[in-house]
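K.L.:
Structure: run-v2.cif, mmCIF, N, CA and C atoms.
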```
data_start
#
loop_
_atom_site.label_atom_id
_atom_site.label_comp_id
_atom_site.auth_asym_id
_atom_site.auth_seq_id
_atom_site.Cartn_x
_atom_site.Cartn_y
_atom_site.Cartn_z
N MET Q 1 -4.73 -23.36 -10.85
CA MET Q 1 -5.94 -22.59 -10.57
C MET Q 1 -5.78 -21.17 -11.10
N ALA Q 2 -6.84 -20.56 -11.57
CA ALA Q 2 -6.78 -19.24 -12.18
C ALA Q 2 -7.37 -18.13 -11.32
N ALA Q 3 -7.93 -18.44 -10.16
CA ALA Q 3 -8.53 -17.41 -9.32
C ALA Q 3 -8.23 -17.70 -7.85
N TYR Q 4 -8.03 -16.64 -7.09
CA TYR Q 4 -7.69 -16.77 -5.67
C TYR Q 4 -8.47 -15.73 -4.88
N THR Q 5 -8.75 -16.03 -3.63
CA THR Q 5 -9.39 -15.09 -2.73
C THR Q 5 -8.43 -14.79 -1.59
N TYR Q 6 -8.32 -13.52 -1.25
CA TYR Q 6 -7.45 -13.09 -0.17
C TYR Q 6 -8.22 -12.20 0.78
N ASP Q 7 -7.82 -12.22 2.03
CA ASP Q 7 -8.36 -11.28 3.01
C ASP Q 7 -7.19 -10.71 3.81
N THR Q 8 -7.49 -9.78 4.70
CA THR Q 8 -6.42 -9.11 5.44
C THR Q 8 -5.65 -10.06 6.36
N GLN Q 9 -6.27 -11.15 6.78
CA GLN Q 9 -5.59 -12.10 7.66
C GLN Q 9 -4.52 -12.90 6.91
N ARG Q 10 -4.65 -13.03 5.62
CA ARG Q 10 -3.73 -13.83 4.82
C ARG Q 10 -2.51 -13.04 4.32
N ALA Q 11 -2.54 -11.74 4.51
CA ALA Q 11 -1.46 -10.88 4.02
C ALA Q 11 -0.22 -10.99 4.90
N ASN Q 12 0.92 -10.69 4.31
CA ASN Q 12 2.20 -10.62 5.01
C ASN Q 12 2.39 -9.16 5.44
N TRP Q 13 2.05 -8.85 6.70
CA TRP Q 13 2.01 -7.47 7.18
C TRP Q 13 3.37 -6.97 7.60
N GLN Q 14 3.62 -5.68 7.24
CA GLN Q 14 4.85 -5.01 7.62
C GLN Q 14 4.52 -3.60 8.08
N GLN Q 15 5.34 -3.08 8.99
CA GLN Q 15 5.18 -1.71 9.45
C GLN Q 15 6.15 -0.82 8.68
N PHE Q 16 5.69 0.35 8.26
CA PHE Q 16 6.53 1.29 7.54
C PHE Q 16 7.21 2.22 8.52
N ALA Q 17 8.54 2.12 8.60
CA ALA Q 17 9.37 2.97 9.45
C ALA Q 17 8.81 2.99 10.88
N ASP Q 18 8.81 4.15 11.52
CA ASP Q 18 8.30 4.28 12.89
C ASP Q 18 6.91 4.91 12.89
N THR Q 19 6.07 4.48 11.96
CA THR Q 19 4.73 5.04 11.82
C THR Q 19 3.68 3.99 12.17
N LYS Q 20 2.45 4.42 12.16
CA LYS Q 20 1.32 3.49 12.26
C LYS Q 20 0.74 3.29 10.87
N ILE Q 21 1.64 3.02 9.91
CA ILE Q 21 1.28 2.69 8.54
C ILE Q 21 1.72 1.25 8.30
N TYR Q 22 0.78 0.43 7.87
CA TYR Q 22 1.04 -1.00 7.71
C TYR Q 22 0.69 -1.44 6.29
N ILE Q 23 1.58 -2.23 5.71
CA ILE Q 23 1.39 -2.76 4.36
C ILE Q 23 1.21 -4.26 4.47
N GLY Q 24 0.12 -4.78 3.95
CA GLY Q 24 -0.16 -6.22 3.95
C GLY Q 24 0.05 -6.78 2.56
N ASP Q 25 1.24 -7.30 2.31
CA ASP Q 25 1.63 -7.77 0.98
C ASP Q 25 1.01 -9.14 0.70
N LEU Q 26 0.54 -9.33 -0.53
CA LEU Q 26 -0.04 -10.61 -0.93
C LEU Q 26 0.84 -11.34 -1.94
N ALA Q 27 2.01 -10.82 -2.23
CA ALA Q 27 2.86 -11.43 -3.25
C ALA Q 27 3.73 -12.55 -2.72
N ASP Q 28 3.77 -12.75 -1.42
CA ASP Q 28 4.67 -13.74 -0.84
C ASP Q 28 3.97 -15.05 -0.47
N ASP Q 29 2.92 -15.40 -1.19
CA ASP Q 29 2.18 -16.62 -0.84
C ASP Q 29 2.57 -17.82 -1.71
N GLY Q 30 3.62 -17.68 -2.53
CA GLY Q 30 4.10 -18.78 -3.35
C GLY Q 30 3.44 -18.88 -4.71
N VAL Q 31 2.45 -18.03 -4.98
CA VAL Q 31 1.78 -18.05 -6.28
C VAL Q 31 2.48 -17.02 -7.18
N PRO Q 32 3.03 -17.44 -8.33
CA PRO Q 32 3.70 -16.49 -9.22
C PRO Q 32 2.71 -15.41 -9.69
N LYS Q 33 3.19 -14.18 -9.75
CA LYS Q 33 2.31 -13.07 -10.11
C LYS Q 33 3.02 -12.12 -11.07
N SER Q 34 2.25 -11.55 -12.00
CA SER Q 34 2.79 -10.56 -12.90
C SER Q 34 2.59 -9.15 -12.35
N MET Q 35 1.82 -9.03 -11.27
CA MET Q 35 1.61 -7.75 -10.61
C MET Q 35 1.55 -7.97 -9.11
N GLY Q 36 1.74 -6.92 -8.34
CA GLY Q 36 1.67 -7.00 -6.89
C GLY Q 36 0.30 -6.60 -6.41
N ALA Q 37 -0.03 -7.01 -5.19
CA ALA Q 37 -1.31 -6.65 -4.59
C ALA Q 37 -1.19 -6.70 -3.08
N GLY Q 38 -2.09 -6.02 -2.42
CA GLY Q 38 -2.08 -6.07 -0.97
C GLY Q 38 -3.09 -5.13 -0.37
N PHE Q 39 -2.93 -4.97 0.94
CA PHE Q 39 -3.76 -4.07 1.73
C PHE Q 39 -2.85 -3.07 2.43
N ALA Q 40 -3.42 -1.98 2.88
CA ALA Q 40 -2.67 -1.01 3.68
C ALA Q 40 -3.60 -0.39 4.70
N VAL Q 41 -3.04 -0.08 5.86
CA VAL Q 41 -3.75 0.63 6.92
C VAL Q 41 -2.92 1.87 7.25
N LEU Q 42 -3.55 3.03 7.25
CA LEU Q 42 -2.89 4.28 7.60
C LEU Q 42 -3.67 4.94 8.72
N HIS Q 43 -2.95 5.46 9.70
CA HIS Q 43 -3.57 6.17 10.82
C HIS Q 43 -3.33 7.66 10.66
N PRO Q 44 -4.26 8.49 11.13
CA PRO Q 44 -4.09 9.94 11.03
C PRO Q 44 -2.78 10.39 11.69
N GLY Q 45 -2.15 11.37 11.06
CA GLY Q 45 -0.92 11.94 11.61
C GLY Q 45 0.35 11.31 11.06
N ASP Q 46 0.27 10.14 10.46
CA ASP Q 46 1.44 9.50 9.88
C ASP Q 46 1.42 9.67 8.37
N VAL Q 47 2.60 9.86 7.80
CA VAL Q 47 2.74 10.09 6.37
C VAL Q 47 3.77 9.12 5.81
N MET Q 48 3.46 8.53 4.66
CA MET Q 48 4.40 7.66 3.96
C MET Q 48 4.90 8.41 2.73
N GLU Q 49 6.11 8.97 2.83
CA GLU Q 49 6.72 9.63 1.68
C GLU Q 49 7.37 8.56 0.84
N TRP Q 50 7.11 8.58 -0.47
CA TRP Q 50 7.51 7.45 -1.31
C TRP Q 50 7.69 7.92 -2.74
N VAL Q 51 8.60 7.28 -3.46
CA VAL Q 51 8.74 7.49 -4.89
C VAL Q 51 8.43 6.15 -5.55
N PRO Q 52 7.21 5.96 -6.07
CA PRO Q 52 6.85 4.67 -6.65
C PRO Q 52 7.72 4.33 -7.86
N SER Q 53 8.23 3.11 -7.87
CA SER Q 53 9.01 2.61 -9.01
C SER Q 53 8.15 1.64 -9.82
N TYR Q 54 6.85 1.91 -9.85
CA TYR Q 54 5.83 1.06 -10.48
C TYR Q 54 4.57 1.90 -10.61
N ASP Q 55 3.66 1.49 -11.45
CA ASP Q 55 2.33 2.09 -11.49
C ASP Q 55 1.47 1.40 -10.44
N GLU Q 56 0.56 2.14 -9.83
CA GLU Q 56 -0.23 1.58 -8.73
C GLU Q 56 -1.66 2.11 -8.77
N PHE Q 57 -2.61 1.21 -8.50
CA PHE Q 57 -3.97 1.67 -8.24
C PHE Q 57 -4.29 1.33 -6.80
N ILE Q 58 -5.04 2.23 -6.16
CA ILE Q 58 -5.35 2.11 -4.73
C ILE Q 58 -6.85 2.28 -4.58
N VAL Q 59 -7.51 1.28 -3.99
CA VAL Q 59 -8.95 1.31 -3.76
C VAL Q 59 -9.19 1.58 -2.28
N VAL Q 60 -9.95 2.61 -1.97
CA VAL Q 60 -10.26 2.94 -0.59
C VAL Q 60 -11.42 2.07 -0.13
N LEU Q 61 -11.18 1.28 0.92
CA LEU Q 61 -12.22 0.42 1.48
C LEU Q 61 -12.96 1.11 2.62
N SER Q 62 -12.22 1.90 3.43
CA SER Q 62 -12.85 2.68 4.49
C SER Q 62 -11.97 3.87 4.82
N GLY Q 63 -12.60 4.94 5.32
CA GLY Q 63 -11.89 6.16 5.67
C GLY Q 63 -11.69 7.07 4.48
N ARG Q 64 -10.90 8.12 4.68
CA ARG Q 64 -10.55 9.06 3.61
C ARG Q 64 -9.05 9.03 3.44
N PHE Q 65 -8.61 8.88 2.21
CA PHE Q 65 -7.22 8.71 1.84
C PHE Q 65 -6.77 9.91 1.01
N ALA Q 66 -5.54 10.38 1.26
CA ALA Q 66 -5.01 11.51 0.50
C ALA Q 66 -3.65 11.15 -0.08
N VAL Q 67 -3.40 11.63 -1.28
CA VAL Q 67 -2.09 11.52 -1.92
C VAL Q 67 -1.66 12.93 -2.28
N ASP Q 68 -0.56 13.37 -1.67
CA ASP Q 68 0.01 14.67 -1.97
C ASP Q 68 1.15 14.48 -2.96
N PHE Q 69 1.27 15.40 -3.90
CA PHE Q 69 2.32 15.32 -4.91
C PHE Q 69 2.66 16.75 -5.32
N GLU Q 70 3.78 16.91 -6.02
CA GLU Q 70 4.15 18.24 -6.46
C GLU Q 70 3.03 18.82 -7.32
N GLY Q 71 2.53 19.93 -6.90
CA GLY Q 71 1.48 20.58 -7.67
C GLY Q 71 0.08 20.28 -7.22
N GLY Q 72 -0.11 19.46 -6.18
CA GLY Q 72 -1.47 19.22 -5.76
C GLY Q 72 -1.66 18.07 -4.81
N SER Q 73 -2.90 17.68 -4.68
CA SER Q 73 -3.31 16.61 -3.78
C SER Q 73 -4.63 16.05 -4.29
N VAL Q 74 -4.83 14.76 -4.09
CA VAL Q 74 -6.13 14.16 -4.36
C VAL Q 74 -6.57 13.40 -3.12
N THR Q 75 -7.87 13.36 -2.90
CA THR Q 75 -8.43 12.57 -1.81
C THR Q 75 -9.49 11.65 -2.37
N ALA Q 76 -9.70 10.54 -1.66
CA ALA Q 76 -10.71 9.57 -2.08
C ALA Q 76 -11.32 8.93 -0.85
N GLY Q 77 -12.57 8.53 -0.99
CA GLY Q 77 -13.29 7.86 0.08
C GLY Q 77 -13.66 6.45 -0.34
N PRO Q 78 -14.45 5.77 0.49
CA PRO Q 78 -14.83 4.39 0.20
C PRO Q 78 -15.40 4.21 -1.20
N HIS Q 79 -14.96 3.15 -1.84
CA HIS Q 79 -15.40 2.76 -3.18
C HIS Q 79 -14.85 3.66 -4.28
N GLU Q 80 -13.82 4.45 -3.95
CA GLU Q 80 -13.15 5.25 -4.96
C GLU Q 80 -11.74 4.71 -5.16
N LEU Q 81 -11.18 5.00 -6.33
CA LEU Q 81 -9.87 4.49 -6.72
C LEU Q 81 -8.94 5.65 -7.03
N VAL Q 82 -7.70 5.55 -6.59
CA VAL Q 82 -6.65 6.52 -6.90
C VAL Q 82 -5.61 5.82 -7.75
N TRP Q 83 -5.20 6.46 -8.84
CA TRP Q 83 -4.16 5.91 -9.71
C TRP Q 83 -2.89 6.73 -9.48
N VAL Q 84 -1.77 6.06 -9.18
CA VAL Q 84 -0.48 6.72 -8.95
C VAL Q 84 0.50 6.21 -10.00
N GLU Q 85 1.12 7.14 -10.71
CA GLU Q 85 2.07 6.75 -11.75
C GLU Q 85 3.49 6.64 -11.20
N GLU Q 86 4.25 5.82 -11.84
CA GLU Q 86 5.65 5.58 -11.50
C GLU Q 86 6.48 6.86 -11.60
N GLY Q 87 7.40 7.02 -10.64
CA GLY Q 87 8.46 8.00 -10.80
C GLY Q 87 8.39 9.30 -10.04
N ASP Q 88 7.23 9.80 -9.72
CA ASP Q 88 7.15 11.09 -9.05
C ASP Q 88 6.94 10.90 -7.55
N PRO Q 89 7.61 11.71 -6.72
CA PRO Q 89 7.44 11.60 -5.26
C PRO Q 89 5.99 11.88 -4.86
N VAL Q 90 5.52 11.09 -3.91
CA VAL Q 90 4.18 11.27 -3.35
C VAL Q 90 4.26 11.14 -1.83
N ALA Q 91 3.21 11.57 -1.18
CA ALA Q 91 3.04 11.36 0.25
C ALA Q 91 1.64 10.79 0.46
N PHE Q 92 1.58 9.57 0.99
CA PHE Q 92 0.32 8.92 1.29
C PHE Q 92 -0.05 9.24 2.73
N ARG Q 93 -1.34 9.53 2.97
CA ARG Q 93 -1.75 9.81 4.35
C ARG Q 93 -3.25 9.57 4.53
N ALA Q 94 -3.62 9.32 5.77
CA ALA Q 94 -5.03 9.25 6.15
C ALA Q 94 -5.52 10.69 6.27
N ASP Q 95 -6.72 10.93 5.81
CA ASP Q 95 -7.28 12.28 5.85
C ASP Q 95 -8.31 12.39 6.96
N GLY Q 96 -7.82 12.39 8.22
CA GLY Q 96 -8.69 12.61 9.36
C GLY Q 96 -9.17 11.39 10.11
N GLU Q 97 -9.06 10.20 9.53
CA GLU Q 97 -9.49 8.98 10.21
C GLU Q 97 -8.69 7.80 9.66
N GLN Q 98 -8.71 6.69 10.39
CA GLN Q 98 -8.00 5.51 9.91
C GLN Q 98 -8.52 5.10 8.54
N VAL Q 99 -7.59 4.64 7.69
CA VAL Q 99 -7.93 4.26 6.33
C VAL Q 99 -7.54 2.80 6.09
N LEU Q 100 -8.40 2.06 5.42
CA LEU Q 100 -8.09 0.72 4.95
C LEU Q 100 -8.14 0.75 3.43
N LEU Q 101 -7.07 0.27 2.80
CA LEU Q 101 -6.93 0.31 1.35
C LEU Q 101 -6.65 -1.08 0.81
N ALA Q 102 -6.95 -1.27 -0.46
CA ALA Q 102 -6.46 -2.41 -1.24
C ALA Q 102 -5.70 -1.80 -2.41
N PHE Q 103 -4.61 -2.46 -2.83
CA PHE Q 103 -3.83 -1.89 -3.92
C PHE Q 103 -3.34 -2.97 -4.88
N GLY Q 104 -3.01 -2.52 -6.07
CA GLY Q 104 -2.38 -3.37 -7.07
C GLY Q 104 -1.26 -2.59 -7.73
N THR Q 105 -0.15 -3.27 -8.03
CA THR Q 105 1.00 -2.60 -8.65
C THR Q 105 1.48 -3.40 -9.85
N ASN Q 106 2.07 -2.69 -10.79
CA ASN Q 106 2.68 -3.35 -11.93
C ASN Q 106 3.99 -2.65 -12.24
N PRO Q 107 5.12 -3.37 -12.10
CA PRO Q 107 5.26 -4.76 -11.67
C PRO Q 107 5.04 -4.88 -10.16
N PRO Q 108 5.19 -6.11 -9.59
CA PRO Q 108 5.07 -6.25 -8.14
C PRO Q 108 5.98 -5.24 -7.44
N TRP Q 109 5.42 -4.46 -6.52
CA TRP Q 109 6.15 -3.35 -5.91
C TRP Q 109 7.44 -3.79 -5.25
N GLN Q 110 7.48 -4.94 -4.61
CA GLN Q 110 8.66 -5.36 -3.86
C GLN Q 110 9.76 -5.93 -4.76
N THR Q 111 9.51 -6.03 -6.08
CA THR Q 111 10.52 -6.58 -6.98
C THR Q 111 11.36 -5.52 -7.66
N THR Q 112 11.02 -4.25 -7.50
CA THR Q 112 11.80 -3.22 -8.18
C THR Q 112 13.06 -2.91 -7.38
N GLU Q 113 14.10 -2.49 -8.08
CA GLU Q 113 15.38 -2.20 -7.44
C GLU Q 113 15.23 -1.10 -6.39
N ALA Q 114 14.48 -0.05 -6.70
CA ALA Q 114 14.30 1.05 -5.76
C ALA Q 114 13.61 0.59 -4.48
N THR Q 115 12.61 -0.26 -4.59
CA THR Q 115 11.91 -0.75 -3.40
C THR Q 115 12.81 -1.67 -2.58
N ARG Q 116 13.55 -2.53 -3.25
CA ARG Q 116 14.48 -3.40 -2.51
C ARG Q 116 15.50 -2.57 -1.73
N ALA Q 117 15.91 -1.43 -2.30
CA ALA Q 117 16.86 -0.55 -1.61
C ALA Q 117 16.23 0.08 -0.37
N SER Q 118 14.91 0.15 -0.33
CA SER Q 118 14.20 0.74 0.81
C SER Q 118 13.72 -0.31 1.81
N ALA Q 119 14.16 -1.53 1.67
CA ALA Q 119 13.65 -2.64 2.50
C ALA Q 119 13.84 -2.40 3.99
N ALA Q 120 14.87 -1.67 4.38
CA ALA Q 120 15.12 -1.41 5.81
C ALA Q 120 14.03 -0.56 6.44
N MET Q 121 13.21 0.09 5.62
CA MET Q 121 12.13 0.93 6.14
C MET Q 121 10.94 0.10 6.61
N PHE Q 122 10.94 -1.21 6.33
CA PHE Q 122 9.83 -2.08 6.66
C PHE Q 122 10.23 -3.08 7.73
N ARG Q 123 9.35 -3.29 8.71
CA ARG Q 123 9.57 -4.28 9.76
C ARG Q 123 8.39 -5.24 9.78
N PRO Q 124 8.66 -6.55 9.80
CA PRO Q 124 7.56 -7.53 9.81
C PRO Q 124 6.69 -7.38 11.05
N LEU Q 125 5.40 -7.63 10.88
CA LEU Q 125 4.45 -7.70 11.99
C LEU Q 125 4.05 -9.14 12.18
N PRO Q 126 3.78 -9.55 13.41
CA PRO Q 126 3.40 -10.96 13.65
C PRO Q 126 1.99 -11.31 13.18
N GLY Q 127 1.15 -10.32 12.94
CA GLY Q 127 -0.22 -10.58 12.52
C GLY Q 127 -0.82 -9.36 11.87
N SER Q 128 -2.09 -9.45 11.57
CA SER Q 128 -2.80 -8.37 10.90
C SER Q 128 -3.16 -7.26 11.88
N PRO Q 129 -2.98 -5.99 11.49
CA PRO Q 129 -3.44 -4.88 12.33
C PRO Q 129 -4.92 -4.57 12.13
N VAL Q 130 -5.57 -5.34 11.26
CA VAL Q 130 -6.99 -5.13 10.96
C VAL Q 130 -7.81 -6.11 11.78
N ASP Q 131 -8.84 -5.58 12.47
CA ASP Q 131 -9.70 -6.44 13.30
C ASP Q 131 -10.51 -7.39 12.45
#
```
Kindly present the structure from the file in structure tokens form.

P.N.:
Amino acid sequence: MAAYTYDTQRANWQQFADTKIYIGDLADDGVPKSMGAGFAVLHPGDVMEWVPSYDEFIVVLSGRFAVDFEGGSVTAGPHELVWVEEGDPVAFRADGEQVLLAFGTNPPWQTTEATRASAAMFRPLPGSPVD
């Protein structure tokens, strides 16, 4: 089959460190992929500091999302897309309200050596944090 449909209930959800930031990975469903994809939920007050070892696009589904980086910050709202390039430190955060995102990475984010080294920062969740 060449096309698939995913929703937040089908994602493999993980919690980032001791935050209310959740990543719903879609790469672990047994379908080989050349890129990664998933969902994310961020709550106000929590920050995900990260150095992407991949290129990533992030689509805001609800709320306001901010990416801080050396030299600036960008924010996006529903139906807007943020592009993050590999290699530079960033801080992902909700900008005042809970945020629901969809993302895509190339290569799959969890396959890079740097991300595998950070695996201890993620804890599995038994289900989706999205209603």

K.L.:
Between Q:Phe122, Q:Tyr4, Q:Tyr54, Q:Trp13, which residue has the minimum interatomic distance to Val41 in chain Q, considering only C-alpha atoms?

P.N.:
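That would be Q:Trp13, the residue with the smallest distance to Val41 in chain Q.
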
K.L.:
Evaluate the PyMOL selection byres ((chain Q and resi 103) around 6) against this structure - the residues, as a list in words, please.

P.N.:
Gly36, Ala37, Gly38, Phe39, Ala40, Phe57, Ile58, Val59, Leu101, Ala102, Gly104 and Thr105 of chain Q

K.L.:
Restrict the selected residues to N, CA and C atoms and save them as a PDB file, in the coordinates of the input.

P.N.:
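The result, written out as again04.pdb:
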```
ATOM      1  N   GLY Q  36       1.740  -6.920  -8.340  1.00  0.00           N
ATOM      2  CA  GLY Q  36       1.670  -7.000  -6.890  1.00  0.00           C
ATOM      3  C   GLY Q  36       0.300  -6.600  -6.410  1.00  0.00           C
ATOM      4  N   ALA Q  37      -0.030  -7.010  -5.190  1.00  0.00           N
ATOM      5  CA  ALA Q  37      -1.310  -6.650  -4.590  1.00  0.00           C
ATOM      6  C   ALA Q  37      -1.190  -6.700  -3.080  1.00  0.00           C
ATOM      7  N   GLY Q  38      -2.090  -6.020  -2.420  1.00  0.00           N
ATOM      8  CA  GLY Q  38      -2.080  -6.070  -0.970  1.00  0.00           C
ATOM      9  C   GLY Q  38      -3.090  -5.130  -0.370  1.00  0.00           C
ATOM     10  N   PHE Q  39      -2.930  -4.970   0.940  1.00  0.00           N
ATOM     11  CA  PHE Q  39      -3.760  -4.070   1.730  1.00  0.00           C
ATOM     12  C   PHE Q  39      -2.850  -3.070   2.430  1.00  0.00           C
ATOM     13  N   ALA Q  40      -3.420  -1.980   2.880  1.00  0.00           N
ATOM     14  CA  ALA Q  40      -2.670  -1.010   3.680  1.00  0.00           C
ATOM     15  C   ALA Q  40      -3.600  -0.390   4.700  1.00  0.00           C
ATOM     16  N   PHE Q  57      -2.610   1.210  -8.500  1.00  0.00           N
ATOM     17  CA  PHE Q  57      -3.970   1.670  -8.240  1.00  0.00           C
ATOM     18  C   PHE Q  57      -4.290   1.330  -6.800  1.00  0.00           C
ATOM     19  N   ILE Q  58      -5.040   2.230  -6.160  1.00  0.00           N
ATOM     20  CA  ILE Q  58      -5.350   2.110  -4.730  1.00  0.00           C
ATOM     21  C   ILE Q  58      -6.850   2.280  -4.580  1.00  0.00           C
ATOM     22  N   VAL Q  59      -7.510   1.280  -3.990  1.00  0.00           N
ATOM     23  CA  VAL Q  59      -8.950   1.310  -3.760  1.00  0.00           C
ATOM     24  C   VAL Q  59      -9.190   1.580  -2.280  1.00  0.00           C
ATOM     25  N   LEU Q 101      -7.070   0.270   2.800  1.00  0.00           N
ATOM     26  CA  LEU Q 101      -6.930   0.310   1.350  1.00  0.00           C
ATOM     27  C   LEU Q 101      -6.650  -1.080   0.810  1.00  0.00           C
ATOM     28  N   ALA Q 102      -6.950  -1.270  -0.460  1.00  0.00           N
ATOM     29  CA  ALA Q 102      -6.460  -2.410  -1.240  1.00  0.00           C
ATOM     30  C   ALA Q 102      -5.700  -1.800  -2.410  1.00  0.00           C
ATOM     31  N   GLY Q 104      -3.010  -2.520  -6.070  1.00  0.00           N
ATOM     32  CA  GLY Q 104      -2.380  -3.370  -7.070  1.00  0.00           C
ATOM     33  C   GLY Q 104      -1.260  -2.590  -7.730  1.00  0.00           C
ATOM     34  N   THR Q 105      -0.150  -3.270  -8.030  1.00  0.00           N
ATOM     35  CA  THR Q 105       1.000  -2.600  -8.650  1.00  0.00           C
ATOM     36  C   THR Q 105       1.480  -3.400  -9.850  1.00  0.00           C
TER      37      THR Q 105
END
```

K.L.:
Apply DSSP to the backbone of this structure and, from chain Q, keep only the residues in strand (DSSP E or B); write these as a VMD selection string.

P.N.:
chain Q and resid 12 to 16 21 to 25 36 to 42 47 to 50 55 to 62 65 to 69 72 to 76 81 to 84 90 to 94 99 to 106 122 to 124

K.L.:
Could you check how far atom N of Ser53 in chain Q sits from CA of Asn106 in chain Q, in Å to one decimal?

P.N.:
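For atom N of Ser53 in chain Q relative to CA of Asn106 in chain Q, the distance reads 9.4 Å.
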
K.L.:
Rank nothing, just name the residue among Q:Trp109, Q:Ala27, Q:Arg64, Q:Tyr22 nearest to Tyr6 in chain Q, using only C-alpha atoms.

P.N.:
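Residue with the minimum atom-to-atom distance to Tyr6 in chain Q: Q:Ala27.
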